[in-house]
Each structure stands twice: as C-alpha cells, then as structure tokens.
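Quick look at target-v6.cif (mmCIF, C-alpha atoms; chains and numbers go by the auth columns):
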data_my_file
loop_
_atom_site.group_PDB
_atom_site.id
_atom_site.type_symbol
_atom_site.label_atom_id
_atom_site.label_comp_id
_atom_site.label_asym_id
_atom_site.label_seq_id
_atom_site.Cartn_x
_atom_site.Cartn_y
_atom_site.Cartn_z
_atom_site.B_iso_or_equiv
_atom_site.auth_seq_id
_atom_site.auth_asym_id
ATOM 1 C CA MET A 1 0.000 0.000 0.000 0.00 1 A
ATOM 2 C CA THR A 2 2.839 2.435 0.888 0.00 2 A
ATOM 3 C CA ARG A 3 4.465 1.754 -2.450 0.00 3 A
ATOM 4 C CA LEU A 4 1.195 2.345 -4.323 0.00 4 A
ATOM 5 C CA LEU A 5 0.621 5.631 -2.531 0.00 5 A
ATOM 6 C CA ALA A 6 4.169 6.733 -3.259 0.00 6 A
ATOM 7 C CA MET A 7 3.656 6.029 -6.962 0.00 7 A
ATOM 8 C CA ALA A 8 0.368 7.881 -6.930 0.00 8 A
ATOM 9 C CA THR A 9 1.847 10.899 -5.185 0.00 9 A
ATOM 10 C CA ALA A 10 4.693 11.050 -7.650 0.00 10 A
ATOM 11 C CA ALA A 11 2.309 10.814 -10.572 0.00 11 A
ATOM 12 C CA ALA A 12 0.104 13.591 -9.319 0.00 12 A
ATOM 13 C CA ALA A 13 3.019 15.847 -8.475 0.00 13 A
ATOM 14 C CA SER A 14 4.406 15.688 -12.019 0.00 14 A
ATOM 15 C CA LEU A 15 1.312 17.423 -13.468 0.00 15 A
ATOM 16 C CA LEU A 16 2.385 16.425 -16.964 0.00 16 A
ATOM 17 C CA ILE A 17 -0.095 16.531 -19.827 0.00 17 A
ATOM 18 C CA ALA A 18 -1.235 13.119 -20.946 0.00 18 A
ATOM 19 C CA SER A 19 -2.011 12.097 -24.484 0.00 19 A
ATOM 20 C CA PRO A 20 -5.725 12.069 -25.396 0.00 20 A
ATOM 21 C CA ALA A 21 -7.580 9.300 -23.619 0.00 21 A
ATOM 22 C CA ALA A 22 -8.553 6.308 -25.678 0.00 22 A
ATOM 23 C CA ALA A 23 -12.097 5.003 -25.714 0.00 23 A
ATOM 24 C CA ASN A 24 -10.987 1.612 -24.413 0.00 24 A
ATOM 25 C CA PRO A 25 -11.005 1.609 -20.569 0.00 25 A
ATOM 26 C CA ALA A 26 -8.051 -0.801 -20.636 0.00 26 A
ATOM 27 C CA THR A 27 -5.825 1.882 -22.184 0.00 27 A
ATOM 28 C CA ALA A 28 -7.496 5.224 -21.396 0.00 28 A
ATOM 29 C CA ASN A 29 -5.886 7.784 -19.077 0.00 29 A
ATOM 30 C CA THR A 30 -9.269 8.947 -17.757 0.00 30 A
ATOM 31 C CA TYR A 31 -12.565 7.249 -16.963 0.00 31 A
ATOM 32 C CA THR A 32 -16.001 8.852 -16.683 0.00 32 A
ATOM 33 C CA VAL A 33 -18.068 7.165 -13.984 0.00 33 A
ATOM 34 C CA LYS A 34 -21.298 5.552 -15.201 0.00 34 A
ATOM 35 C CA GLU A 35 -24.475 4.667 -13.323 0.00 35 A
ATOM 36 C CA GLY A 36 -23.806 1.773 -10.950 0.00 36 A
ATOM 37 C CA ASP A 37 -20.008 1.956 -11.171 0.00 37 A
ATOM 38 C CA THR A 38 -17.880 1.134 -8.151 0.00 38 A
ATOM 39 C CA LEU A 39 -14.171 1.794 -7.665 0.00 39 A
ATOM 40 C CA ARG A 40 -13.496 -1.937 -7.671 0.00 40 A
ATOM 41 C CA GLY A 41 -15.371 -2.358 -10.947 0.00 41 A
ATOM 42 C CA ILE A 42 -13.483 0.564 -12.524 0.00 42 A
ATOM 43 C CA ALA A 43 -10.192 -0.962 -11.370 0.00 43 A
ATOM 44 C CA ASN A 44 -11.134 -4.252 -13.064 0.00 44 A
ATOM 45 C CA ARG A 45 -12.098 -2.498 -16.315 0.00 45 A
ATOM 46 C CA THR A 46 -9.002 -0.320 -16.468 0.00 46 A
ATOM 47 C CA GLY A 47 -6.514 -2.837 -15.139 0.00 47 A
ATOM 48 C CA VAL A 48 -5.172 -0.376 -12.560 0.00 48 A
ATOM 49 C CA ASP A 49 -5.141 -1.064 -8.831 0.00 49 A
ATOM 50 C CA ALA A 50 -8.100 0.504 -6.990 0.00 50 A
ATOM 51 C CA SER A 51 -5.843 1.898 -4.251 0.00 51 A
ATOM 52 C CA LEU A 52 -3.737 3.713 -6.822 0.00 52 A
ATOM 53 C CA ILE A 53 -6.804 5.206 -8.567 0.00 53 A
ATOM 54 C CA ALA A 54 -8.137 6.334 -5.179 0.00 54 A
ATOM 55 C CA ALA A 55 -4.863 7.950 -4.157 0.00 55 A
ATOM 56 C CA VAL A 56 -4.388 9.874 -7.405 0.00 56 A
ATOM 57 C CA ASN A 57 -7.956 11.203 -7.374 0.00 57 A
ATOM 58 C CA GLY A 58 -8.049 12.109 -3.693 0.00 58 A
ATOM 59 C CA LEU A 59 -10.754 9.545 -2.902 0.00 59 A
ATOM 60 C CA VAL A 60 -11.241 8.646 0.740 0.00 60 A
ATOM 61 C CA GLU A 61 -12.852 5.637 2.359 0.00 61 A
ATOM 62 C CA PRO A 62 -15.281 4.134 1.587 0.00 62 A
ATOM 63 C CA TYR A 63 -14.170 5.215 -1.915 0.00 63 A
ATOM 64 C CA TYR A 64 -17.500 6.224 -3.405 0.00 64 A
ATOM 65 C CA VAL A 65 -17.639 7.463 -6.986 0.00 65 A
ATOM 66 C CA GLN A 66 -20.440 9.482 -8.565 0.00 66 A
ATOM 67 C CA LYS A 67 -22.037 9.254 -12.014 0.00 67 A
ATOM 68 C CA GLY A 68 -20.401 11.784 -14.351 0.00 68 A
ATOM 69 C CA GLN A 69 -17.249 12.092 -12.241 0.00 69 A
ATOM 70 C CA THR A 70 -14.028 11.954 -14.272 0.00 70 A
ATOM 71 C CA LEU A 71 -11.231 9.922 -12.725 0.00 71 A
ATOM 72 C CA ALA A 72 -7.587 10.025 -13.708 0.00 72 A
ATOM 73 C CA ILE A 73 -6.320 6.502 -14.447 0.00 73 A
ATOM 74 C CA PRO A 74 -2.658 6.463 -13.424 0.00 74 A
ATOM 75 C CA ARG A 75 -0.904 4.052 -15.726 0.00 75 A
ATOM 76 C CA GLN A 76 2.762 3.362 -15.249 0.00 76 A
ATOM 77 C CA ARG A 77 5.482 1.691 -17.258 0.00 77 A
ATOM 78 C CA VAL A 78 8.516 -0.278 -16.129 0.00 78 A
ATOM 79 C CA HIS A 79 12.103 0.287 -17.285 0.00 79 A
ATOM 80 C CA THR A 80 14.717 -2.446 -16.914 0.00 80 A
ATOM 81 C CA VAL A 81 18.055 -0.874 -15.998 0.00 81 A
ATOM 82 C CA LYS A 82 20.847 -1.478 -18.496 0.00 82 A
ATOM 83 C CA SER A 83 24.586 -0.909 -18.191 0.00 83 A
ATOM 84 C CA GLY A 84 25.294 2.826 -18.132 0.00 84 A
ATOM 85 C CA ASP A 85 21.777 3.866 -17.126 0.00 85 A
ATOM 86 C CA THR A 86 21.387 6.620 -14.553 0.00 86 A
ATOM 87 C CA LEU A 87 18.269 7.751 -12.784 0.00 87 A
ATOM 88 C CA GLY A 88 18.535 11.163 -14.414 0.00 88 A
ATOM 89 C CA GLY A 89 18.905 9.611 -17.842 0.00 89 A
ATOM 90 C CA ILE A 90 15.879 7.383 -17.335 0.00 90 A
ATOM 91 C CA ALA A 91 13.865 10.386 -16.116 0.00 91 A
ATOM 92 C CA ASN A 92 14.800 12.366 -19.246 0.00 92 A
ATOM 93 C CA ARG A 93 13.959 9.427 -21.502 0.00 93 A
ATOM 94 C CA TYR A 94 10.425 9.100 -20.119 0.00 94 A
ATOM 95 C CA GLY A 95 9.792 12.793 -19.527 0.00 95 A
ATOM 96 C CA VAL A 96 9.342 12.678 -15.759 0.00 96 A
ATOM 97 C CA ALA A 97 11.051 14.553 -12.948 0.00 97 A
ATOM 98 C CA MET A 98 13.926 12.612 -11.408 0.00 98 A
ATOM 99 C CA THR A 99 12.651 13.382 -7.889 0.00 99 A
ATOM 100 C CA ASN A 100 9.302 11.792 -8.775 0.00 100 A
ATOM 101 C CA LEU A 101 11.051 8.772 -10.250 0.00 101 A
ATOM 102 C CA ALA A 102 13.082 8.366 -7.073 0.00 102 A
ATOM 103 C CA LEU A 103 9.990 8.714 -4.894 0.00 103 A
ATOM 104 C CA ALA A 104 7.999 6.154 -6.877 0.00 104 A
ATOM 105 C CA ASN A 105 10.784 3.595 -6.523 0.00 105 A
ATOM 106 C CA ASN A 106 12.002 4.414 -2.992 0.00 106 A
ATOM 107 C CA ILE A 107 15.457 5.252 -4.338 0.00 107 A
ATOM 108 C CA ALA A 108 17.505 7.539 -2.098 0.00 108 A
ATOM 109 C CA ALA A 109 20.549 9.666 -2.924 0.00 109 A
ATOM 110 C CA PRO A 110 23.025 9.037 -4.471 0.00 110 A
ATOM 111 C CA TYR A 111 20.413 7.257 -6.637 0.00 111 A
ATOM 112 C CA SER A 112 22.435 4.127 -7.375 0.00 112 A
ATOM 113 C CA LEU A 113 20.985 1.573 -9.793 0.00 113 A
ATOM 114 C CA ARG A 114 21.901 -2.013 -10.637 0.00 114 A
ATOM 115 C CA VAL A 115 21.700 -3.718 -14.007 0.00 115 A
ATOM 116 C CA GLY A 116 18.427 -5.633 -14.340 0.00 116 A
ATOM 117 C CA GLN A 117 16.622 -3.533 -11.724 0.00 117 A
ATOM 118 C CA LYS A 118 12.976 -2.757 -12.539 0.00 118 A
ATOM 119 C CA VAL A 119 12.240 0.968 -12.292 0.00 119 A
ATOM 120 C CA ILE A 120 8.602 2.023 -12.212 0.00 120 A
ATOM 121 C CA ILE A 121 7.877 5.078 -14.352 0.00 121 A
ATOM 122 C CA PRO A 122 5.279 7.266 -12.568 0.00 122 A
ATOM 123 C CA ALA A 123 1.992 7.618 -14.364 0.00 123 A
ATOM 124 C CA VAL A 124 1.419 10.637 -16.555 0.00 124 A
ATOM 125 C CA ILE A 125 -1.916 12.260 -15.691 0.00 125 A
ATOM 126 C CA ASN A 126 -3.797 15.394 -16.661 0.00 126 A
ATOM 127 C CA THR A 127 -5.434 16.223 -13.366 0.00 127 A
ATOM 128 C CA THR A 128 -4.549 17.533 -9.950 0.00 128 A
ATOM 129 C CA ILE A 129 -5.466 15.880 -6.686 0.00 129 A
ATOM 130 C CA ARG A 130 -8.593 17.401 -5.225 0.00 130 A
ATOM 131 C CA PRO A 131 -10.103 16.160 -1.973 0.00 131 A
ATOM 132 C CA GLN A 132 -13.632 14.849 -2.281 0.00 132 A
ATOM 133 C CA THR A 133 -16.271 17.459 -1.585 0.00 133 A
ATOM 134 C CA PRO A 134 -18.234 16.431 1.496 0.00 134 A
ATOM 135 C CA ARG A 135 -21.671 15.152 0.513 0.00 135 A
ATOM 136 C CA THR A 136 -24.931 15.655 2.330 0.00 136 A
ATOM 137 C CA THR A 137 -26.465 12.632 0.584 0.00 137 A
ATOM 138 C CA PRO A 138 -24.859 9.213 1.225 0.00 138 A
ATOM 139 C CA TYR A 139 -23.828 6.909 -1.578 0.00 139 A
ATOM 140 C CA PHE A 140 -25.980 3.853 -0.974 0.00 140 A
ATOM 141 C CA ARG A 141 -25.062 0.244 -1.741 0.00 141 A
ATOM 142 C CA ARG A 142 -27.478 -2.639 -2.083 0.00 142 A
ATOM 143 C CA PRO A 143 -28.101 -4.297 1.298 0.00 143 A
ATOM 144 C CA HIS A 144 -28.619 -7.647 -0.478 0.00 144 A
ATOM 145 C CA ASP A 145 -28.136 -8.794 -4.066 0.00 145 A
ATOM 146 C CA GLY A 146 -31.523 -10.478 -4.475 0.00 146 A
ATOM 147 C CA ARG A 147 -34.182 -9.385 -6.946 0.00 147 A
ATOM 148 C CA VAL A 148 -36.807 -6.863 -5.916 0.00 148 A
ATOM 149 C CA MET A 149 -40.117 -8.674 -5.416 0.00 149 A
ATOM 150 C CA LEU A 150 -42.177 -5.590 -4.590 0.00 150 A
ATOM 151 C CA GLY A 151 -41.196 -2.010 -5.371 0.00 151 A
ATOM 152 C CA PHE A 152 -41.865 1.352 -3.797 0.00 152 A
ATOM 153 C CA GLY A 153 -45.188 3.179 -3.974 0.00 153 A
ATOM 154 C CA ARG A 154 -48.951 2.728 -3.663 0.00 154 A
ATOM 155 C CA GLY A 155 -48.721 2.516 0.097 0.00 155 A
ATOM 156 C CA HIS A 156 -45.521 0.469 0.110 0.00 156 A
ATOM 157 C CA ASP A 157 -42.853 2.575 1.810 0.00 157 A
ATOM 158 C CA GLY A 158 -39.803 0.578 0.732 0.00 158 A
ATOM 159 C CA ILE A 159 -38.828 -2.428 -1.357 0.00 159 A
ATOM 160 C CA ASP A 160 -39.024 -6.150 -0.624 0.00 160 A
ATOM 161 C CA ILE A 161 -35.899 -8.049 -1.669 0.00 161 A
ATOM 162 C CA GLU A 162 -35.853 -11.805 -2.231 0.00 162 A
ATOM 163 C CA THR A 163 -33.375 -13.555 0.079 0.00 163 A
ATOM 164 C CA GLY A 164 -32.434 -16.967 1.377 0.00 164 A
ATOM 165 C CA MET A 165 -32.925 -17.779 5.027 0.00 165 A
ATOM 166 C CA GLY A 166 -29.849 -16.612 6.923 0.00 166 A
ATOM 167 C CA ASP A 167 -28.360 -14.574 4.036 0.00 167 A
ATOM 168 C CA MET A 168 -26.120 -11.712 5.113 0.00 168 A
ATOM 169 C CA VAL A 169 -27.784 -8.282 5.171 0.00 169 A
ATOM 170 C CA ARG A 170 -25.365 -5.374 4.767 0.00 170 A
ATOM 171 C CA ALA A 171 -25.423 -1.739 5.810 0.00 171 A
ATOM 172 C CA ALA A 172 -26.364 0.289 2.715 0.00 172 A
ATOM 173 C CA ALA A 173 -24.209 3.204 3.936 0.00 173 A
ATOM 174 C CA SER A 174 -22.008 3.995 6.908 0.00 174 A
ATOM 175 C CA GLY A 175 -23.719 5.318 10.014 0.00 175 A
ATOM 176 C CA THR A 176 -24.855 4.719 13.581 0.00 176 A
ATOM 177 C CA VAL A 177 -27.354 2.056 14.617 0.00 177 A
ATOM 178 C CA VAL A 178 -30.299 3.789 16.311 0.00 178 A
ATOM 179 C CA PHE A 179 -32.622 0.779 16.647 0.00 179 A
ATOM 180 C CA ALA A 180 -31.828 -2.935 16.742 0.00 180 A
ATOM 181 C CA ALA A 181 -34.654 -4.929 18.297 0.00 181 A
ATOM 182 C CA PRO A 182 -37.982 -6.660 17.614 0.00 182 A
ATOM 183 C CA GLU A 183 -40.570 -4.403 15.964 0.00 183 A
ATOM 184 C CA LYS A 184 -44.032 -5.657 16.880 0.00 184 A
ATOM 185 C CA THR A 185 -46.278 -4.305 14.117 0.00 185 A
ATOM 186 C CA ARG A 186 -44.769 -5.523 10.800 0.00 186 A
ATOM 187 C CA PHE A 187 -41.091 -6.211 10.580 0.00 187 A
ATOM 188 C CA GLY A 188 -40.228 -8.595 13.389 0.00 188 A
ATOM 189 C CA ARG A 189 -36.521 -8.026 13.993 0.00 189 A
ATOM 190 C CA GLN A 190 -35.520 -4.651 12.589 0.00 190 A
ATOM 191 C CA VAL A 191 -32.424 -2.451 12.347 0.00 191 A
ATOM 192 C CA LEU A 192 -32.435 1.315 11.754 0.00 192 A
ATOM 193 C CA ILE A 193 -29.233 3.141 10.802 0.00 193 A
ATOM 194 C CA ASP A 194 -28.769 6.914 10.909 0.00 194 A
ATOM 195 C CA HIS A 195 -26.413 8.240 8.214 0.00 195 A
ATOM 196 C CA GLY A 196 -26.460 11.909 9.165 0.00 196 A
ATOM 197 C CA ASN A 197 -28.018 14.925 7.445 0.00 197 A
ATOM 198 C CA GLY A 198 -31.495 13.474 7.962 0.00 198 A
ATOM 199 C CA TRP A 199 -30.857 10.166 6.146 0.00 199 A
ATOM 200 C CA GLN A 200 -31.832 6.790 7.619 0.00 200 A
ATOM 201 C CA THR A 201 -32.208 3.235 6.354 0.00 201 A
ATOM 202 C CA SER A 202 -34.401 0.443 7.722 0.00 202 A
ATOM 203 C CA TYR A 203 -33.936 -3.331 7.454 0.00 203 A
ATOM 204 C CA GLY A 204 -36.879 -5.584 8.391 0.00 204 A
ATOM 205 C CA HIS A 205 -37.882 -9.274 8.684 0.00 205 A
ATOM 206 C CA LEU A 206 -34.414 -10.288 9.938 0.00 206 A
ATOM 207 C CA SER A 207 -33.889 -13.773 11.364 0.00 207 A
ATOM 208 C CA ARG A 208 -31.069 -12.403 13.507 0.00 208 A
ATOM 209 C CA ILE A 209 -29.686 -8.979 14.412 0.00 209 A
ATOM 210 C CA THR A 210 -25.875 -8.818 14.596 0.00 210 A
ATOM 211 C CA VAL A 211 -25.381 -5.181 15.677 0.00 211 A
ATOM 212 C CA SER A 212 -26.377 -3.199 18.747 0.00 212 A
ATOM 213 C CA LYS A 213 -27.940 0.215 19.281 0.00 213 A
ATOM 214 C CA GLY A 214 -25.247 2.910 19.306 0.00 214 A
ATOM 215 C CA GLU A 215 -22.803 0.847 17.239 0.00 215 A
ATOM 216 C CA VAL A 216 -21.053 2.582 14.330 0.00 216 A
ATOM 217 C CA VAL A 217 -21.092 0.504 11.148 0.00 217 A
ATOM 218 C CA LYS A 218 -19.399 0.906 7.782 0.00 218 A
ATOM 219 C CA VAL A 219 -21.014 0.509 4.392 0.00 219 A
ATOM 220 C CA GLY A 220 -21.149 -3.171 3.426 0.00 220 A
ATOM 221 C CA GLU A 221 -20.773 -4.390 7.009 0.00 221 A
ATOM 222 C CA ARG A 222 -23.118 -7.145 8.163 0.00 222 A
ATOM 223 C CA ILE A 223 -25.961 -5.841 10.329 0.00 223 A
ATOM 224 C CA GLY A 224 -28.107 -8.965 10.417 0.00 224 A
ATOM 225 C CA LEU A 225 -29.276 -12.154 8.730 0.00 225 A
ATOM 226 C CA ALA A 226 -32.259 -12.308 6.426 0.00 226 A
ATOM 227 C CA GLY A 227 -35.390 -14.158 7.491 0.00 227 A
ATOM 228 C CA ASP A 228 -39.167 -14.192 7.649 0.00 228 A
ATOM 229 C CA ALA A 229 -39.815 -12.470 10.981 0.00 229 A
ATOM 230 C CA GLY A 230 -42.896 -10.323 11.440 0.00 230 A
ATOM 231 C CA ILE A 231 -45.609 -10.559 8.814 0.00 231 A
ATOM 232 C CA ALA A 232 -43.321 -11.991 6.095 0.00 232 A
ATOM 233 C CA THR A 233 -44.483 -15.285 4.612 0.00 233 A
ATOM 234 C CA ARG A 234 -41.094 -16.206 3.151 0.00 234 A
ATOM 235 C CA PRO A 235 -37.454 -15.090 3.622 0.00 235 A
ATOM 236 C CA GLU A 236 -37.155 -11.508 2.435 0.00 236 A
ATOM 237 C CA LEU A 237 -35.656 -8.158 3.337 0.00 237 A
ATOM 238 C CA HIS A 238 -37.888 -5.117 3.622 0.00 238 A
ATOM 239 C CA PHE A 239 -35.590 -2.141 2.979 0.00 239 A
ATOM 240 C CA GLU A 240 -36.419 1.542 3.327 0.00 240 A
ATOM 241 C CA ILE A 241 -34.592 4.829 2.825 0.00 241 A
ATOM 242 C CA ARG A 242 -35.861 7.920 4.615 0.00 242 A
ATOM 243 C CA HIS A 243 -34.825 11.571 4.471 0.00 243 A
ATOM 244 C CA ASN A 244 -36.007 13.921 7.182 0.00 244 A
ATOM 245 C CA GLY A 245 -38.706 11.396 8.061 0.00 245 A
ATOM 246 C CA ARG A 246 -40.043 11.063 4.511 0.00 246 A
ATOM 247 C CA ASP A 247 -39.836 7.833 2.518 0.00 247 A
ATOM 248 C CA VAL A 248 -37.538 7.841 -0.530 0.00 248 A
ATOM 249 C CA ASP A 249 -37.792 5.310 -3.356 0.00 249 A
ATOM 250 C CA PRO A 250 -34.695 3.107 -2.910 0.00 250 A
ATOM 251 C CA ALA A 251 -34.598 2.497 -6.679 0.00 251 A
ATOM 252 C CA THR A 252 -33.496 6.129 -7.133 0.00 252 A
ATOM 253 C CA LYS A 253 -30.521 5.709 -4.777 0.00 253 A
ATOM 254 C CA LEU A 254 -29.268 2.147 -5.156 0.00 254 A
ATOM 255 C CA PRO A 255 -26.891 0.934 -7.878 0.00 255 A
ATOM 256 C CA ALA A 256 -28.008 -1.718 -10.333 0.00 256 A
ATOM 257 C CA ARG A 257 -27.767 -5.333 -9.248 0.00 257 A
ATOM 258 C CA GLY A 258 -24.317 -6.826 -9.707 0.00 258 A
ATOM 259 C CA ASN A 259 -22.435 -3.527 -9.165 0.00 259 A
#
Show me, as structure tokens, the structure contained in the file I just sent.
Amino acid sequence: MTRLLAMATAAAASLLIASPAAANPATANTYTVKEGDTLRGIANRTGVDASLIAAVNGLVEPYYVQKGQTLAIPRQRVHTVKSGDTLGGIANRYGVAMTNLALANNIAAPYSLRVGQKVIIPAVINTTIRPQTPRTTPYFRRPHDGRVMLGFGRGHDGIDIETGMGDMVRAAASGTVVFAAPEKTRFGRQVLIDHGNGWQTSYGHLSRITVSKGEVVKVGERIGLAGDAGIATRPELHFEIRHNGRDVDPATKLPARGN
C-alpha cells in the first residue's frame, strides 16, 4: 500500500499533460463514472489497482464514486536498468522529474541503480489531486443482491428483496445504529441506521440482528441475517430509505444489481 501511494503521489506531483484518452477503458488515461459503477469495478475495467486510482484522485474511504465524475487513471510503465543507465537519464527518456522517479521507486541519494533492476515510471496524468467534496447525501449500496419482489409506492414505503434464510444483510451506507430490536407491528426483527443529514435506512424481517444500538457501522458491514420475521411469509428483506422522516424510493438511490 505504501508503495502504491508513493507512486500515486509522484504521478500527481508531475502534473504532466497526458495524451488524449482512448475510448478503451483498458488503455485510457481517464474514466467517466457511469451509473452503478464502483471503484473496484473501474479498477477491473481499467486494469489499474483501486488503491492507486483512489490515491491519485483524492478519494477517501469508503471510496464512493459518482455518475459523471471523471477519474484520472494512473498508468505506469517499467524500465529495466541497463549498463550505463542513470536515474537522471531514465527520467529524461520518459519525460518525468527525477525526484518523482526516485519517490515512486524508494530510491535515495546518491540514486544508485543495478543492471536488471525494474524501475517504475510514474503515471502521466492530466489532473490535480482534489479532496472529495463532502456530501450531504450518502452513496448507498445494495443491502442484499436479491431481486426486488415488490417495489416502492402505492402505500408500500420501501422495497421487498428476495433472500435466502440466513443470508447476510449489509449496511447500505455507513452510520450509527439507532434501533436494533424486535418491531411488533410488521417487521419482526428490525435495524435502523442513521447516516447523518437526515438520512436513515431500515432493514426488516431479519432472522437475527448482529449489531447493537449505538454501534457505528461501515457501508457493506453485516448488520443482520435475512429471514421471515414479522408478517413476512417467506425469507425476504424489507428495505427503506428515509430523508427527514419522509420515505424515498430506494430504486433512485441504489446501484443496479451486480455492481
């Protein structure tokens, strides 16, 4: 991880102008985030480590990306040291600052090299590092990957997701558990998570609750096991999103299945 961050820092510091990005994500120097994209998925498409993409673009945990956001894809090359090579000469050959080359490879003065050594050439990018702007709306993930059996609306204040008995149910966003107990009217065992700025999520019909009130959870962390508690007639997850006490259609906030 330290090595990846060093390479990313060196790449960003160079501020060199990249060649025009190709349309193919496997070779492009930039990537425009599409609906349902995740950092892991972008890393797989581009062939560049997710940690390196995050570092270059100033992304912070849990590494959310937003539709329309343009990410720099920091590609690097490798030079095999030959007899007579110097760090300065290699830097001139590839058009990068020698200090950045040294930083990316953890090479200290007097910058000695050995024949056959692999020298990583810092990525050439066309963007500067900008910290993520704090958001007032969370990026939500799917709490379970099952199909939606019943959608939002017409008196239904959330969605019902098909599950198997005992399937893991995940926190859709990071936050604080404000309720984790039996709910007597509809949902049986239920968990409520507060995400700040008026946003909450609800998870009902659980066979087991695995978090406690007051516990801080991260996005994707298990908060319970799916079941048929309450009025459910089969294993399912009733999932709701609320903002300032008003129900929000989860379909407008969740990524597509499989992302």
Requested in this report: For A:Arg45, list every protein, DNA or RNA residue within 10 Å, evaluated using all atoms listed in the file, and leave out those in the same chain fewer than 6 positions away; present the list as a PyMOL selection string.
Outcome: chain A and resi 24-27+31+39
Requested in this report: Name all residues at most 7 Å from A:Arg141 (count all atoms listed in the file; drop same-chain ones fewer than 5 positions away) and give them as an MDAnalysis selection string.
Outcome: chainID A and resid 172:173 254:255
Grab all the atoms of stretch 242-258 of chain A that the file lists, wrap them in a box along x, y and z, add 6 Å per side, and give me centre plus edge lengths in Å (one decimal) as lines of an AutoDock Vina configuration file.
center_x = -32.2
center_y = 3.5
center_z = -1.1
size_x = 27.7
size_y = 32.7
size_z = 30.4
Report summary line: In Å and to one decimal, atom CA of A:Val33 is distant from atom CA of A:Asn57 by 12.7 Å
Query - Selection dump of the PyMOL selection byres ((chain A and resi 197) around 8), as a ChimeraX atom specification - result: /A:136-137,195-196,198-199
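Proximity ranking of A:Thr32, A:Asn244, A:Gln69, A:Thr176 relative to A:Val211 places A:Thr176 first, based on only C-alpha atoms.
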List the residues selected by the PyMOL selection byres ((chain A and resi 76) around 7) in the file shown, writing them as a PDB file with C-alpha atoms, in the frame of the given file.
ATOM      1  CA  PRO A  74      -2.658   6.463 -13.424  1.00  0.00           C
ATOM      2  CA  ARG A  75      -0.904   4.052 -15.726  1.00  0.00           C
ATOM      3  CA  ARG A  77       5.482   1.691 -17.258  1.00  0.00           C
ATOM      4  CA  VAL A  78       8.516  -0.278 -16.129  1.00  0.00           C
ATOM      5  CA  ILE A 120       8.602   2.023 -12.212  1.00  0.00           C
ATOM      6  CA  ILE A 121       7.877   5.078 -14.352  1.00  0.00           C
ATOM      7  CA  PRO A 122       5.279   7.266 -12.568  1.00  0.00           C
ATOM      8  CA  ALA A 123       1.992   7.618 -14.364  1.00  0.00           C
TER       9      ALA A 123
END
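Closest approach to A:Arg170 among A:Leu192, A:Met149, A:Val219, A:Val119: A:Val219, based on all atoms listed in the file.
Counting all atoms listed in the file, the residue from A:Tyr63, A:Tyr94, A:Phe239, A:Phe187 that sits nearest to A:His144 is A:Phe239.
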Requested in this report: Just the residues within 7 Å of A:Ile193, please, counting only C-alpha atoms, with nothing from its chain fewer than 2 positions along; format it as a PyMOL selection string.
Outcome: chain A and resi 175-178+191+195+200-202
Written file, previous selection with C-alpha atoms, as a compact mmCIF listing (two decimals), in the frame of the given file:
# COMPACT_ATOMS: atom_id res chain seq x y z
CA GLY A 175 -23.72 5.32 10.01
CA THR A 176 -24.86 4.72 13.58
CA VAL A 177 -27.35 2.06 14.62
CA VAL A 178 -30.30 3.79 16.31
CA VAL A 191 -32.42 -2.45 12.35
CA HIS A 195 -26.41 8.24 8.21
CA GLN A 200 -31.83 6.79 7.62
CA THR A 201 -32.21 3.24 6.35
CA SER A 202 -34.40 0.44 7.72
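Atom pair atom CA of A:Gln66 / atom CA of A:Gly204: separated by 28.0 Å.
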Find the residues near A:Ala102: any atom within 9 Å, counting only C-alpha atoms, skip ones fewer than 5 places away on the same chain, and give them as a PDB file with C-alpha atoms, in the frame of the given file.
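Everything below was put into part.pdb:
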ATOM      1  CA  ALA A  10       4.693  11.050  -7.650  1.00  0.00           C
ATOM      2  CA  LEU A  87      18.269   7.751 -12.784  1.00  0.00           C
ATOM      3  CA  ALA A  97      11.051  14.553 -12.948  1.00  0.00           C
ATOM      4  CA  ILE A 107      15.457   5.252  -4.338  1.00  0.00           C
ATOM      5  CA  ALA A 108      17.505   7.539  -2.098  1.00  0.00           C
ATOM      6  CA  ALA A 109      20.549   9.666  -2.924  1.00  0.00           C
ATOM      7  CA  TYR A 111      20.413   7.257  -6.637  1.00  0.00           C
TER       8      TYR A 111
END
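For the set A:His79, A:Lys118, A:Lys184, A:His156, the residue with the smallest atom-to-atom gap to A:Ala229 is A:Lys184, counting all atoms listed in the file.
Atom to atom, atom CA of A:Arg93 and atom CA of A:Ile73 stand 21.7 Å apart.
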Query raised in the report: Between A:Leu113, A:Tyr139, A:Val48, A:Asn106, which has the minimum distance to A:Ile90 (counting only C-alpha atoms)?
Result: A:Leu113
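For the set A:Arg40, A:Lys67, A:Lys82, A:Arg142, the residue with the smallest atom-to-atom gap to A:Arg114 is A:Lys82, counting only C-alpha atoms.
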**Report entry** For A:Gly188: contacts at 8 Å, only C-alpha atoms, fewer than 3 positions along chain excluded, given as a PyMOL selection string
**Finding:** chain A and resi 182-185+204-206+229-231
Requested in this report: Kindly provide, as a VMD selection string, the polymer residues lying within 8 Å of (-38.2, 5.0, 2.7), counting all atoms listed in the file and using the coordinates exactly as they appear in the file.
Outcome: chain A and resid 157 to 158 201 to 202 239 to 243 246 to 250
